[in-house]
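S.K.: If it helps, the file is called coords.txt and holds compact mmCIF, C-alpha atoms and all ligand atoms:
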```
# COMPACT_ATOMS: atom_id res chain seq x y z
CA MET U 472 12.60 -34.29 21.66
CA ALA U 473 11.54 -31.68 19.16
CA HIS U 474 10.43 -32.49 15.66
CA ILE U 475 12.89 -30.54 13.55
CA ILE U 476 11.56 -29.51 10.15
CA ALA U 477 13.57 -27.67 7.47
CA LEU U 478 11.46 -25.69 5.00
CA ALA U 479 13.29 -25.70 1.72
CA ASN U 480 13.08 -25.13 -2.01
CA GLN U 481 15.99 -23.53 -3.81
CA LYS U 482 13.52 -21.38 -5.74
CA GLY U 483 12.83 -18.01 -4.20
CA GLY U 484 9.36 -16.67 -3.63
CA VAL U 485 7.57 -19.99 -3.26
CA GLY U 486 6.29 -19.44 0.29
CA LYS U 487 9.05 -20.90 2.49
CA THR U 488 9.17 -17.96 4.88
CA THR U 489 5.41 -17.40 4.88
CA THR U 490 4.92 -21.06 5.76
CA THR U 491 7.65 -21.12 8.42
CA VAL U 492 6.19 -18.13 10.23
CA ASN U 493 2.53 -19.03 9.92
CA LEU U 494 2.83 -22.76 10.50
CA GLY U 495 5.05 -21.96 13.47
CA ALA U 496 2.50 -19.57 14.96
CA ALA U 497 -0.37 -21.99 14.31
CA LEU U 498 1.51 -24.84 16.04
CA ALA U 499 2.25 -22.50 18.96
CA SER U 500 -1.45 -21.64 19.16
CA HIS U 501 -2.08 -25.35 19.70
CA GLY U 502 0.05 -25.04 22.81
CA LYS U 503 3.20 -26.46 21.24
CA ARG U 504 6.54 -24.91 22.16
CA VAL U 505 7.93 -23.72 18.84
CA LEU U 506 11.30 -22.35 17.81
CA ILE U 507 11.88 -20.83 14.40
CA ILE U 508 15.45 -20.73 13.16
CA ASP U 509 15.95 -18.11 10.49
CA ALA U 510 18.68 -19.55 8.27
CA ASP U 511 18.23 -17.11 5.39
CA PRO U 512 20.53 -14.07 5.20
CA GLN U 513 17.53 -12.07 3.97
CA GLY U 514 16.12 -12.39 7.49
CA ASN U 515 12.52 -12.30 6.33
CA ALA U 516 11.23 -14.64 9.05
CA THR U 517 12.97 -12.42 11.59
CA SER U 518 11.41 -9.17 10.37
CA GLY U 519 8.12 -10.91 9.60
CA LEU U 520 7.82 -11.75 13.29
CA GLY U 521 8.39 -8.16 14.29
CA ILE U 522 12.06 -8.41 15.25
CA LYS U 523 13.86 -5.23 14.22
CA LYS U 524 17.39 -5.83 12.98
CA SER U 525 18.53 -2.90 15.13
CA SER U 526 17.19 -4.62 18.24
CA ILE U 527 19.35 -7.72 17.74
CA GLU U 528 22.32 -7.55 20.09
CA ASP U 529 25.77 -7.78 18.51
CA GLU U 530 26.77 -11.36 17.79
CA HIS U 531 23.39 -12.73 18.87
CA GLU U 532 22.12 -14.25 15.66
CA ILE U 533 22.28 -17.51 13.75
CA TYR U 534 25.52 -16.47 12.03
CA ASP U 535 27.30 -16.41 15.39
CA VAL U 536 25.96 -19.87 16.26
CA LEU U 537 27.20 -21.27 12.95
CA VAL U 538 30.51 -19.47 12.63
CA HIS U 539 31.60 -18.39 16.13
CA GLY U 540 30.14 -21.16 18.25
CA ALA U 541 27.70 -18.86 20.09
CA LYS U 542 25.28 -20.79 22.30
CA PRO U 543 21.76 -21.02 20.84
CA ALA U 544 20.29 -20.41 24.30
CA ASP U 545 21.95 -16.97 24.30
CA VAL U 546 20.57 -15.85 20.94
CA ILE U 547 16.93 -16.95 21.17
CA LEU U 548 14.37 -14.14 21.15
CA LYS U 549 10.73 -14.18 22.17
CA THR U 550 8.13 -13.06 19.65
CA SER U 551 4.79 -11.38 20.31
CA HIS U 552 3.11 -14.78 19.85
CA ASP U 553 2.95 -17.04 22.93
CA ASN U 554 5.11 -20.18 22.76
CA LEU U 555 6.86 -18.91 19.62
CA GLU U 556 10.56 -18.03 19.75
CA ILE U 557 13.14 -17.32 17.08
CA ILE U 558 16.84 -17.39 16.42
CA PRO U 559 17.16 -14.36 14.16
CA ALA U 560 19.22 -13.82 11.02
CA THR U 561 20.64 -10.78 9.36
CA ILE U 562 22.64 -10.26 6.19
CA ARG U 563 25.78 -11.17 8.13
CA LEU U 564 24.74 -14.79 7.59
CA ALA U 565 25.64 -14.40 3.91
CA GLY U 566 29.29 -14.60 4.98
CA ALA U 567 28.82 -18.01 6.58
CA GLU U 568 28.96 -19.95 3.30
CA LEU U 569 32.53 -18.80 2.69
CA GLU U 570 33.72 -18.57 6.26
CA LEU U 571 32.63 -22.11 7.07
CA ALA U 572 34.23 -23.57 3.95
CA PRO U 573 37.59 -24.36 5.58
CA VAL U 574 36.14 -25.28 9.00
CA MET U 575 36.29 -28.84 10.38
CA ALA U 576 32.93 -30.59 10.69
CA ARG U 577 31.38 -27.61 8.95
CA GLU U 578 28.31 -29.61 7.90
CA THR U 579 27.32 -30.44 11.48
CA ARG U 580 27.79 -27.04 13.16
CA LEU U 581 24.08 -26.34 13.41
CA LYS U 582 23.17 -29.87 14.48
CA GLU U 583 25.61 -29.81 17.37
CA ALA U 584 24.42 -26.38 18.47
CA ILE U 585 20.72 -27.22 18.31
CA ALA U 586 21.21 -30.44 20.27
CA THR U 587 21.78 -28.23 23.33
CA ILE U 588 18.27 -26.70 23.24
CA GLU U 589 16.19 -29.27 21.38
CA ALA U 590 14.53 -30.66 24.51
CA GLN U 591 12.91 -27.29 25.25
CA TYR U 592 10.72 -27.39 22.16
CA ASP U 593 8.06 -29.53 20.52
CA TYR U 594 8.72 -28.20 17.01
CA ILE U 595 11.73 -26.46 15.51
CA LEU U 596 11.09 -24.98 12.06
CA ILE U 597 14.06 -23.86 9.99
CA ASP U 598 13.57 -21.31 7.21
CA ASN U 599 16.11 -21.83 4.43
CA PRO U 600 17.70 -19.56 1.84
CA PRO U 601 16.86 -20.10 -1.85
CA SER U 602 19.99 -22.17 -2.49
CA LEU U 603 21.48 -25.57 -1.74
CA GLY U 604 24.77 -24.41 -0.24
CA LEU U 605 26.50 -25.02 3.07
CA ILE U 606 23.75 -23.36 5.13
CA THR U 607 21.15 -25.70 3.67
CA ILE U 608 23.48 -28.67 4.14
CA ASN U 609 23.63 -27.69 7.82
CA THR U 610 19.87 -27.41 8.14
CA PHE U 611 19.28 -30.75 6.34
CA THR U 612 21.83 -32.36 8.64
CA THR U 613 20.00 -30.95 11.67
CA ALA U 614 16.45 -31.73 10.56
CA ASP U 615 14.35 -34.84 10.90
CA ALA U 616 12.51 -33.97 7.70
CA VAL U 617 12.12 -31.42 4.93
CA LEU U 618 8.87 -29.60 4.21
CA ILE U 619 8.82 -28.49 0.58
CA PRO U 620 6.59 -25.58 -0.40
CA VAL U 621 5.81 -25.68 -4.12
CA GLN U 622 4.28 -22.68 -5.82
CA ALA U 623 1.38 -23.52 -8.09
CA GLU U 624 2.84 -22.09 -11.29
CA TYR U 625 3.85 -23.40 -14.67
CA TYR U 626 7.46 -24.28 -13.74
CA ALA U 627 6.55 -25.70 -10.33
CA LEU U 628 8.28 -29.04 -10.84
CA GLU U 629 11.45 -27.56 -12.26
CA GLY U 630 14.31 -27.87 -9.81
CA LEU U 631 12.52 -30.33 -7.55
CA GLY U 632 14.71 -33.16 -8.85
CA GLN U 633 17.78 -31.26 -7.71
CA LEU U 634 16.24 -30.63 -4.30
CA LEU U 635 15.31 -34.29 -3.88
CA SER U 636 18.79 -35.42 -4.90
CA SER U 637 20.29 -33.04 -2.31
CA ILE U 638 18.05 -34.66 0.28
CA THR U 639 19.17 -38.12 -0.87
CA GLN U 640 22.81 -37.08 -0.70
CA ILE U 641 22.54 -35.65 2.82
CA LYS U 642 20.68 -38.80 3.80
CA SER U 643 23.45 -41.07 2.60
CA LEU U 644 26.36 -38.95 3.88
CA LEU U 645 25.28 -37.09 6.98
CA ASN U 646 21.74 -37.74 8.19
CA PRO U 647 20.43 -41.24 7.45
CA ASP U 648 17.04 -40.53 9.06
CA LEU U 649 16.23 -37.44 6.99
CA GLY U 650 12.75 -37.73 5.52
CA ILE U 651 10.23 -35.67 3.61
CA GLU U 652 7.83 -34.06 6.04
CA GLY U 653 5.41 -33.09 3.31
CA VAL U 654 4.92 -31.14 0.10
CA LEU U 655 2.78 -28.03 0.33
CA LEU U 656 1.11 -26.34 -2.62
CA THR U 657 1.23 -22.58 -2.17
CA MET U 658 -0.30 -19.55 -3.87
CA VAL U 659 -2.93 -21.75 -5.44
CA ASP U 660 -5.56 -19.99 -7.47
CA GLY U 661 -8.22 -22.68 -7.55
CA ARG U 662 -10.24 -20.94 -10.21
CA THR U 663 -7.65 -21.41 -12.94
CA ASN U 664 -6.98 -24.48 -15.03
CA LEU U 665 -3.27 -23.88 -14.61
CA SER U 666 -3.46 -24.13 -10.83
CA ASN U 667 -5.49 -27.32 -11.07
CA GLU U 668 -3.06 -28.84 -13.59
CA VAL U 669 -0.05 -27.94 -11.47
CA GLU U 670 -1.69 -29.38 -8.38
CA GLU U 671 -2.38 -32.62 -10.23
CA ALA U 672 1.18 -32.75 -11.60
CA VAL U 673 2.67 -32.25 -8.12
CA ARG U 674 0.41 -34.91 -6.64
CA ASN U 675 1.52 -37.30 -9.41
CA TYR U 676 5.21 -36.44 -9.05
CA PHE U 677 5.29 -37.27 -5.35
CA ASN U 678 3.57 -40.07 -3.53
CA GLU U 679 0.00 -39.07 -2.84
CA GLU U 680 0.50 -39.32 0.93
CA GLN U 681 3.49 -36.94 0.79
CA VAL U 682 1.41 -34.00 -0.44
CA TYR U 683 -0.68 -32.15 2.15
CA HIS U 684 -4.44 -32.13 1.66
CA THR U 685 -4.36 -28.51 2.76
CA VAL U 686 -3.33 -26.17 -0.04
CA ILE U 687 -2.50 -22.51 0.51
CA PRO U 688 -4.48 -20.17 -1.74
CA ARG U 689 -3.33 -16.73 -2.75
CA ASN U 690 -4.51 -14.44 0.02
CA VAL U 691 -3.51 -10.80 0.15
CA ARG U 692 -3.70 -10.75 3.96
CA LEU U 693 -0.82 -13.27 4.00
CA SER U 694 1.37 -10.86 2.07
CA GLU U 695 0.40 -7.90 4.30
CA ALA U 696 1.02 -9.56 7.67
CA PRO U 697 4.87 -9.46 7.61
CA SER U 698 4.97 -5.68 7.27
CA HIS U 699 3.06 -5.55 10.57
CA GLY U 700 5.50 -7.99 12.15
CA LEU U 701 2.74 -10.47 12.79
CA ALA U 702 1.80 -14.01 11.86
CA ILE U 703 -1.49 -14.19 9.98
CA ILE U 704 -3.24 -15.77 12.96
CA ASP U 705 -2.58 -12.55 14.91
CA TYR U 706 -2.85 -10.07 12.04
CA ASP U 707 -6.20 -11.30 10.74
CA PRO U 708 -7.42 -14.42 12.53
CA LYS U 709 -10.60 -14.60 10.42
CA SER U 710 -8.79 -14.50 7.06
CA LYS U 711 -8.58 -17.41 4.66
CA GLY U 712 -4.80 -17.40 5.19
CA SER U 713 -5.22 -17.89 8.92
CA GLU U 714 -7.75 -20.67 8.34
CA VAL U 715 -5.52 -22.63 5.95
CA TYR U 716 -2.35 -22.38 8.04
CA THR U 717 -4.33 -23.57 11.06
CA LYS U 718 -5.54 -26.52 8.98
CA LEU U 719 -1.99 -27.24 7.85
CA SER U 720 -0.80 -27.18 11.46
CA GLU U 721 -3.44 -29.77 12.31
CA GLU U 722 -2.23 -32.01 9.46
CA VAL U 723 1.32 -31.69 10.76
CA LEU U 724 0.23 -32.45 14.33
CA ALA U 725 -1.79 -35.45 13.16
CA ALA U 726 1.21 -36.79 11.22
CA HIS U 727 3.10 -36.85 14.52
CA ASP U 728 0.16 -38.23 16.53
CA ASP U 729 0.41 -34.99 18.43
CA ILE U 730 -3.13 -33.60 18.30
P1 LIG U 801 10.22 -17.59 -0.04
O1 LIG U 801 10.55 -17.56 1.43
O2 LIG U 801 10.13 -18.98 -0.59
O3 LIG U 801 11.15 -16.74 -0.84
P2 LIG U 801 7.93 -15.99 0.71
O4 LIG U 801 7.22 -16.76 1.77
O5 LIG U 801 8.78 -14.85 1.15
O6 LIG U 801 8.76 -16.97 -0.22
O7 LIG U 801 6.82 -15.48 -0.31
C1 LIG U 801 7.17 -14.68 -1.43
C2 LIG U 801 6.21 -13.49 -1.52
O8 LIG U 801 4.90 -13.97 -1.76
C3 LIG U 801 6.13 -12.67 -0.25
O9 LIG U 801 5.95 -11.34 -0.59
C4 LIG U 801 4.90 -13.21 0.46
O10 LIG U 801 4.28 -12.24 1.30
C5 LIG U 801 4.01 -13.58 -0.71
N1 LIG U 801 3.15 -14.74 -0.41
C6 LIG U 801 3.53 -15.94 0.05
N2 LIG U 801 2.49 -16.79 0.17
C7 LIG U 801 1.41 -16.10 -0.26
C8 LIG U 801 0.01 -16.41 -0.43
N3 LIG U 801 -0.47 -17.62 -0.12
N4 LIG U 801 -0.81 -15.45 -0.90
C9 LIG U 801 -0.33 -14.23 -1.22
N5 LIG U 801 0.95 -13.86 -1.11
C10 LIG U 801 1.82 -14.79 -0.64
MG MG U 802 12.20 -16.67 2.40
```
Can you turn what I pasted into structure tokens?
M.R.:
Amino acid sequence: MAHIIALANQKGGVGKTTTTVNLGAALASHGKRVLIIDADPQGNATSGLGIKKSSIEDEHEIYDVLVHGAKPADVILKTSHDNLEIIPATIRLAGAELELAPVMARETRLKEAIATIEAQYDYILIDNPPSLGLITINTFTTADAVLIPVQAEYYALEGLGQLLSSITQIKSLLNPDLGIEGVLLTMVDGRTNLSNEVEEAVRNYFNEEQVYHTVIPRNVRLSEAPSHGLAIIDYDPKSKGSEVYTKLSEEVLAAHDDI
């Protein structure tokens, strides 16, 4: 069965989408069968992997899986990267929070849908919106574990308590096996004291073994790649960004005895 990992942090701009896309591609390059589920109405993972919104067939996106009971197998798209597929999202997904509110078993819609395709993948990575609403409840109910990207900035720890208590709540109510996959420091600028202090604070806040050894530095190539519709490993395989996401993928594989 697939390892299902939700990438979440209710702060925007911390590297959730960048990590979903580039970790996904790096795992796929190790020969793993990877599915990315774009669960953010902004659809940045979708466009970042070169899927044009106009090319998505009507009612063939994550919204239709969540709200209309579309079959995941019918909405999966291939990407230009071998072994890497995606269930796309568009802004229509923004409606799901309200439309699901009165629906029975609304918290388990995604879990039930994904159960039908899980066996076809080694890793399923779910990119989350910057909020802790019903979409995120669905992804936390579906996932085995949450990967938390934390941006190395002054307020890095702010809001993490709320995120962790959401995880605890989902664990006690809906998904007893939900764990923390790992905490990833992103946009680290190793030359500054601030970055070093934040890194130390994050490592102290969590258990040491929960924080990845690999940290993601600021790398301009990482911010350019999405506009070319490519993961960093394809856009600029020799870049620092490509190197660190490959290292991260190896840490993830090792954690699952899968390397
Ligand atoms: P989130 O999904 O959490 O909102 P993103 O992954 O979209 O965050 O990242 C926010 C912005 O920062 C994007 O423009 C992205 O290209 C850029 N970015 C992310 N990680 C890095 C990095 N390590 N170096 C440089 N730019 C980055
Ligand atoms: Mg995002």
S.K.: Identify which of the residues U:His699, U:His684, U:His531, U:His474 lies closest to Gly650 in chain U, counting all atoms listed in the file when measuring atom-to-atom distances.
M.R.: U:His474
S.K.: Quick one: of U:Ser713, U:Asn554, U:Ser666, U:Gln481, who's nearest to Tyr625 in chain U, counting all atoms listed in the file?
M.R.: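 That would be U:Ser666, the residue with the smallest distance to Tyr625 in chain U.
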S.K.: For a quick check of understanding, using only C-alpha atoms, which of U:Lys482, U:Leu644, U:Leu634, U:Lys487 has the smallest distance to Thr657 in chain U?
M.R.: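 Closest residue, counting only C-alpha atoms: U:Lys487.
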S.K.: Output, as JSON, the centre and edge lengths in Å (one decimal) of the axis-aligned box that contains all listed atoms of range 494-499 of chain U with 4 Å of margin on each side.
M.R.:
```
{"center_x": 2.3, "center_y": -22.2, "center_z": 14.7, "size_x": 13.4, "size_y": 13.3, "size_z": 16.5}
```
S.K.: Could you give me, as a PDB file with C-alpha atoms, in the frame of the given file, the residues that sit within 12 Å of (-6.3, -14.5, 7.7) in the file's coordinates, counting only C-alpha atoms?
M.R.:
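File produced: out.pdb:
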```pdb
ATOM      1  CA  ASN U 493       2.530 -19.030   9.920  1.00  0.00           C
ATOM      2  CA  ALA U 497      -0.370 -21.990  14.310  1.00  0.00           C
ATOM      3  CA  ILE U 687      -2.500 -22.510   0.510  1.00  0.00           C
ATOM      4  CA  PRO U 688      -4.480 -20.170  -1.740  1.00  0.00           C
ATOM      5  CA  ARG U 689      -3.330 -16.730  -2.750  1.00  0.00           C
ATOM      6  CA  ASN U 690      -4.510 -14.440   0.020  1.00  0.00           C
ATOM      7  CA  VAL U 691      -3.510 -10.800   0.150  1.00  0.00           C
ATOM      8  CA  ARG U 692      -3.700 -10.750   3.960  1.00  0.00           C
ATOM      9  CA  LEU U 693      -0.820 -13.270   4.000  1.00  0.00           C
ATOM     10  CA  SER U 694       1.370 -10.860   2.070  1.00  0.00           C
ATOM     11  CA  GLU U 695       0.400  -7.900   4.300  1.00  0.00           C
ATOM     12  CA  ALA U 696       1.020  -9.560   7.670  1.00  0.00           C
ATOM     13  CA  LEU U 701       2.740 -10.470  12.790  1.00  0.00           C
ATOM     14  CA  ALA U 702       1.800 -14.010  11.860  1.00  0.00           C
ATOM     15  CA  ILE U 703      -1.490 -14.190   9.980  1.00  0.00           C
ATOM     16  CA  ILE U 704      -3.240 -15.770  12.960  1.00  0.00           C
ATOM     17  CA  ASP U 705      -2.580 -12.550  14.910  1.00  0.00           C
ATOM     18  CA  TYR U 706      -2.850 -10.070  12.040  1.00  0.00           C
ATOM     19  CA  ASP U 707      -6.200 -11.300  10.740  1.00  0.00           C
ATOM     20  CA  PRO U 708      -7.420 -14.420  12.530  1.00  0.00           C
ATOM     21  CA  LYS U 709     -10.600 -14.600  10.420  1.00  0.00           C
ATOM     22  CA  SER U 710      -8.790 -14.500   7.060  1.00  0.00           C
ATOM     23  CA  LYS U 711      -8.580 -17.410   4.660  1.00  0.00           C
ATOM     24  CA  GLY U 712      -4.800 -17.400   5.190  1.00  0.00           C
ATOM     25  CA  SER U 713      -5.220 -17.890   8.920  1.00  0.00           C
ATOM     26  CA  GLU U 714      -7.750 -20.670   8.340  1.00  0.00           C
ATOM     27  CA  VAL U 715      -5.520 -22.630   5.950  1.00  0.00           C
ATOM     28  CA  TYR U 716      -2.350 -22.380   8.040  1.00  0.00           C
ATOM     29  CA  THR U 717      -4.330 -23.570  11.060  1.00  0.00           C
TER      30      THR U 717
END
```
S.K.: Could you list, as JSON, numbers by chain, all the residues within 12 Å of ligand MG 802 (chain U), counting only C-alpha atoms and all ligand atoms?
M.R.: {"U": [478, 479, 480, 481, 482, 483, 484, 485, 486, 487, 488, 489, 490, 491, 492, 508, 509, 510, 511, 512, 513, 514, 515, 516, 517, 518, 519, 560, 597, 598, 599, 600, 601, 602, 620, 697]}
S.K.: Based on the selection just made, write C-alpha atoms of those residues as a short mmCIF file (atom, residue, chain, number, x, y, z; two decimals), in the frame of the given file.
M.R.:
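What landed in out29.cif:
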```
data_model
loop_
_atom_site.label_atom_id
_atom_site.label_comp_id
_atom_site.auth_asym_id
_atom_site.auth_seq_id
_atom_site.Cartn_x
_atom_site.Cartn_y
_atom_site.Cartn_z
CA LEU U 478 11.46 -25.69 5.00
CA ALA U 479 13.29 -25.70 1.72
CA ASN U 480 13.08 -25.13 -2.01
CA GLN U 481 15.99 -23.53 -3.81
CA LYS U 482 13.52 -21.38 -5.74
CA GLY U 483 12.83 -18.01 -4.20
CA GLY U 484 9.36 -16.67 -3.63
CA VAL U 485 7.57 -19.99 -3.26
CA GLY U 486 6.29 -19.44 0.29
CA LYS U 487 9.05 -20.90 2.49
CA THR U 488 9.17 -17.96 4.88
CA THR U 489 5.41 -17.40 4.88
CA THR U 490 4.92 -21.06 5.76
CA THR U 491 7.65 -21.12 8.42
CA VAL U 492 6.19 -18.13 10.23
CA ILE U 508 15.45 -20.73 13.16
CA ASP U 509 15.95 -18.11 10.49
CA ALA U 510 18.68 -19.55 8.27
CA ASP U 511 18.23 -17.11 5.39
CA PRO U 512 20.53 -14.07 5.20
CA GLN U 513 17.53 -12.07 3.97
CA GLY U 514 16.12 -12.39 7.49
CA ASN U 515 12.52 -12.30 6.33
CA ALA U 516 11.23 -14.64 9.05
CA THR U 517 12.97 -12.42 11.59
CA SER U 518 11.41 -9.17 10.37
CA GLY U 519 8.12 -10.91 9.60
CA ALA U 560 19.22 -13.82 11.02
CA ILE U 597 14.06 -23.86 9.99
CA ASP U 598 13.57 -21.31 7.21
CA ASN U 599 16.11 -21.83 4.43
CA PRO U 600 17.70 -19.56 1.84
CA PRO U 601 16.86 -20.10 -1.85
CA SER U 602 19.99 -22.17 -2.49
CA PRO U 620 6.59 -25.58 -0.40
CA PRO U 697 4.87 -9.46 7.61
#
```
S.K.: Can you tell me, as a list in words, what residues are no more than 9 Å from Ala614 in chain U when counting all atoms listed in the file, ignoring any on the same chain fewer than 6 positions away?
M.R.: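 The filter keeps His474, Ile475, Ile476, Ala477, Lys582, Ile595, Leu596, Ile597, Asn646, Asp648, Leu649 and Gly650 of chain U.
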S.K.: At a cut-off of 12 Å, using only C-alpha atoms, what residues contact range 583-585 of chain U? Leave out same-chain residues fewer than 4 positions from it and give the result as a VMD selection string.
M.R.: chain U and resid 472 to 475 506 to 508 533 to 547 558 576 to 579 589 to 592 595 to 597 609 to 610 612 to 614
S.K.: Which neighbours of Glu624 in chain U fall inside 10 Å, counting only C-alpha atoms, when residues of the same chain fewer than 5 positions from it are skipped, and could you give them as a list in words?
M.R.: Val485, Leu656, Thr657, Met658, Val659, Asp660, Leu665, Ser666, Asn667, Glu668, Val669 and Glu670 of chain U
S.K.: Choose the residue, out of U:Ile606, U:Gln622, U:Leu498, U:Lys642, that has the smallest atom-to-atom separation from ligand LIG 801 (chain U); count only C-alpha atoms and all ligand atoms.
M.R.: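 Of the candidates, the smallest distance to ligand LIG 801 (chain U) is held by U:Gln622.
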S.K.: Using all atoms listed in the file, which of the listed residues (U:Glu679, U:Thr663, U:Leu494, U:Glu671) sits closest to ligand LIG 801 (chain U)?
M.R.: U:Leu494
S.K.: Could you jot down the atom C8 of ligand LIG 801 (chain U) to CA of Thr607 in chain U separation for me, Å, one decimal place?
M.R.: 23.5 Å
S.K.: With all atoms listed in the file as the atoms that count, which of U:His552, U:Ile608, U:Pro559, U:Val621 lies nearest to Ser525 in chain U?
M.R.: U:Pro559
S.K.: Mind completing range 600-624 of chain U with N, CA and C atoms? Output as an mmCIF file, in the coordinates of the input, please?
M.R.:
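Listed below is the output, rebuild.cif:
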```cif
data_model
loop_
_atom_site.group_PDB
_atom_site.id
_atom_site.type_symbol
_atom_site.label_atom_id
_atom_site.label_comp_id
_atom_site.auth_asym_id
_atom_site.auth_seq_id
_atom_site.Cartn_x
_atom_site.Cartn_y
_atom_site.Cartn_z
ATOM 1 N N PRO U 600 17.487 -20.480 2.965
ATOM 2 C CA PRO U 600 17.700 -19.560 1.840
ATOM 3 C C PRO U 600 17.340 -20.267 0.523
ATOM 4 N N PRO U 601 17.179 -19.497 -0.546
ATOM 5 C CA PRO U 601 16.860 -20.100 -1.850
ATOM 6 C C PRO U 601 18.117 -20.637 -2.530
ATOM 7 N N SER U 602 18.786 -21.580 -1.903
ATOM 8 C CA SER U 602 19.990 -22.170 -2.490
ATOM 9 C C SER U 602 20.257 -23.488 -1.788
ATOM 10 N N LEU U 603 21.166 -24.272 -2.341
ATOM 11 C CA LEU U 603 21.480 -25.570 -1.740
ATOM 12 C C LEU U 603 22.938 -25.598 -1.300
ATOM 13 N N GLY U 604 23.376 -24.514 -0.670
ATOM 14 C CA GLY U 604 24.770 -24.410 -0.240
ATOM 15 C C GLY U 604 24.995 -24.966 1.158
ATOM 16 N N LEU U 605 26.073 -24.478 1.783
ATOM 17 C CA LEU U 605 26.500 -25.020 3.070
ATOM 18 C C LEU U 605 25.496 -24.744 4.192
ATOM 19 N N ILE U 606 24.773 -23.638 4.103
ATOM 20 C CA ILE U 606 23.750 -23.360 5.130
ATOM 21 C C ILE U 606 22.664 -24.429 5.038
ATOM 22 N N THR U 607 22.207 -24.697 3.838
ATOM 23 C CA THR U 607 21.150 -25.700 3.670
ATOM 24 C C THR U 607 21.660 -27.095 4.039
ATOM 25 N N ILE U 608 22.902 -27.387 3.717
ATOM 26 C CA ILE U 608 23.480 -28.670 4.140
ATOM 27 C C ILE U 608 23.409 -28.789 5.663
ATOM 28 N N ASN U 609 23.729 -27.692 6.354
ATOM 29 C CA ASN U 609 23.630 -27.690 7.820
ATOM 30 C C ASN U 609 22.199 -27.913 8.287
ATOM 31 N N THR U 610 21.255 -27.272 7.650
ATOM 32 C CA THR U 610 19.870 -27.410 8.140
ATOM 33 C C THR U 610 19.331 -28.813 7.820
ATOM 34 N N PHE U 611 19.720 -29.391 6.676
ATOM 35 C CA PHE U 611 19.280 -30.750 6.340
ATOM 36 C C PHE U 611 19.952 -31.790 7.253
ATOM 37 N N THR U 612 21.129 -31.448 7.731
ATOM 38 C CA THR U 612 21.830 -32.360 8.640
ATOM 39 C C THR U 612 21.204 -32.305 10.041
ATOM 40 N N THR U 613 20.626 -31.146 10.358
ATOM 41 C CA THR U 613 20.000 -30.950 11.670
ATOM 42 C C THR U 613 18.583 -31.520 11.723
ATOM 43 N N ALA U 614 17.887 -31.461 10.573
ATOM 44 C CA ALA U 614 16.450 -31.730 10.560
ATOM 45 C C ALA U 614 16.116 -33.219 10.590
ATOM 46 N N ASP U 615 14.895 -33.495 11.053
ATOM 47 C CA ASP U 615 14.350 -34.840 10.900
ATOM 48 C C ASP U 615 13.722 -34.991 9.510
ATOM 49 N N ALA U 616 13.227 -33.897 8.967
ATOM 50 C CA ALA U 616 12.510 -33.970 7.700
ATOM 51 C C ALA U 616 12.441 -32.610 7.032
ATOM 52 N N VAL U 617 12.202 -32.646 5.728
ATOM 53 C CA VAL U 617 12.120 -31.420 4.930
ATOM 54 C C VAL U 617 10.673 -31.194 4.490
ATOM 55 N N LEU U 618 10.182 -29.993 4.728
ATOM 56 C CA LEU U 618 8.870 -29.600 4.210
ATOM 57 C C LEU U 618 9.118 -28.742 2.972
ATOM 58 N N ILE U 619 8.533 -29.150 1.854
ATOM 59 C CA ILE U 619 8.820 -28.490 0.580
ATOM 60 C C ILE U 619 7.593 -27.695 0.106
ATOM 61 N N PRO U 620 7.656 -26.371 0.199
ATOM 62 C CA PRO U 620 6.590 -25.580 -0.400
ATOM 63 C C PRO U 620 6.802 -25.502 -1.917
ATOM 64 N N VAL U 621 5.740 -25.724 -2.657
ATOM 65 C CA VAL U 621 5.810 -25.680 -4.120
ATOM 66 C C VAL U 621 4.762 -24.682 -4.608
ATOM 67 N N GLN U 622 5.226 -23.679 -5.321
ATOM 68 C CA GLN U 622 4.280 -22.680 -5.820
ATOM 69 C C GLN U 622 3.522 -23.216 -7.018
ATOM 70 N N ALA U 623 2.216 -23.024 -6.999
ATOM 71 C CA ALA U 623 1.380 -23.520 -8.090
ATOM 72 C C ALA U 623 1.536 -22.624 -9.313
ATOM 73 N N GLU U 624 2.590 -22.865 -10.069
ATOM 74 C CA GLU U 624 2.840 -22.090 -11.290
ATOM 75 C C GLU U 624 3.381 -23.053 -12.347
#
```
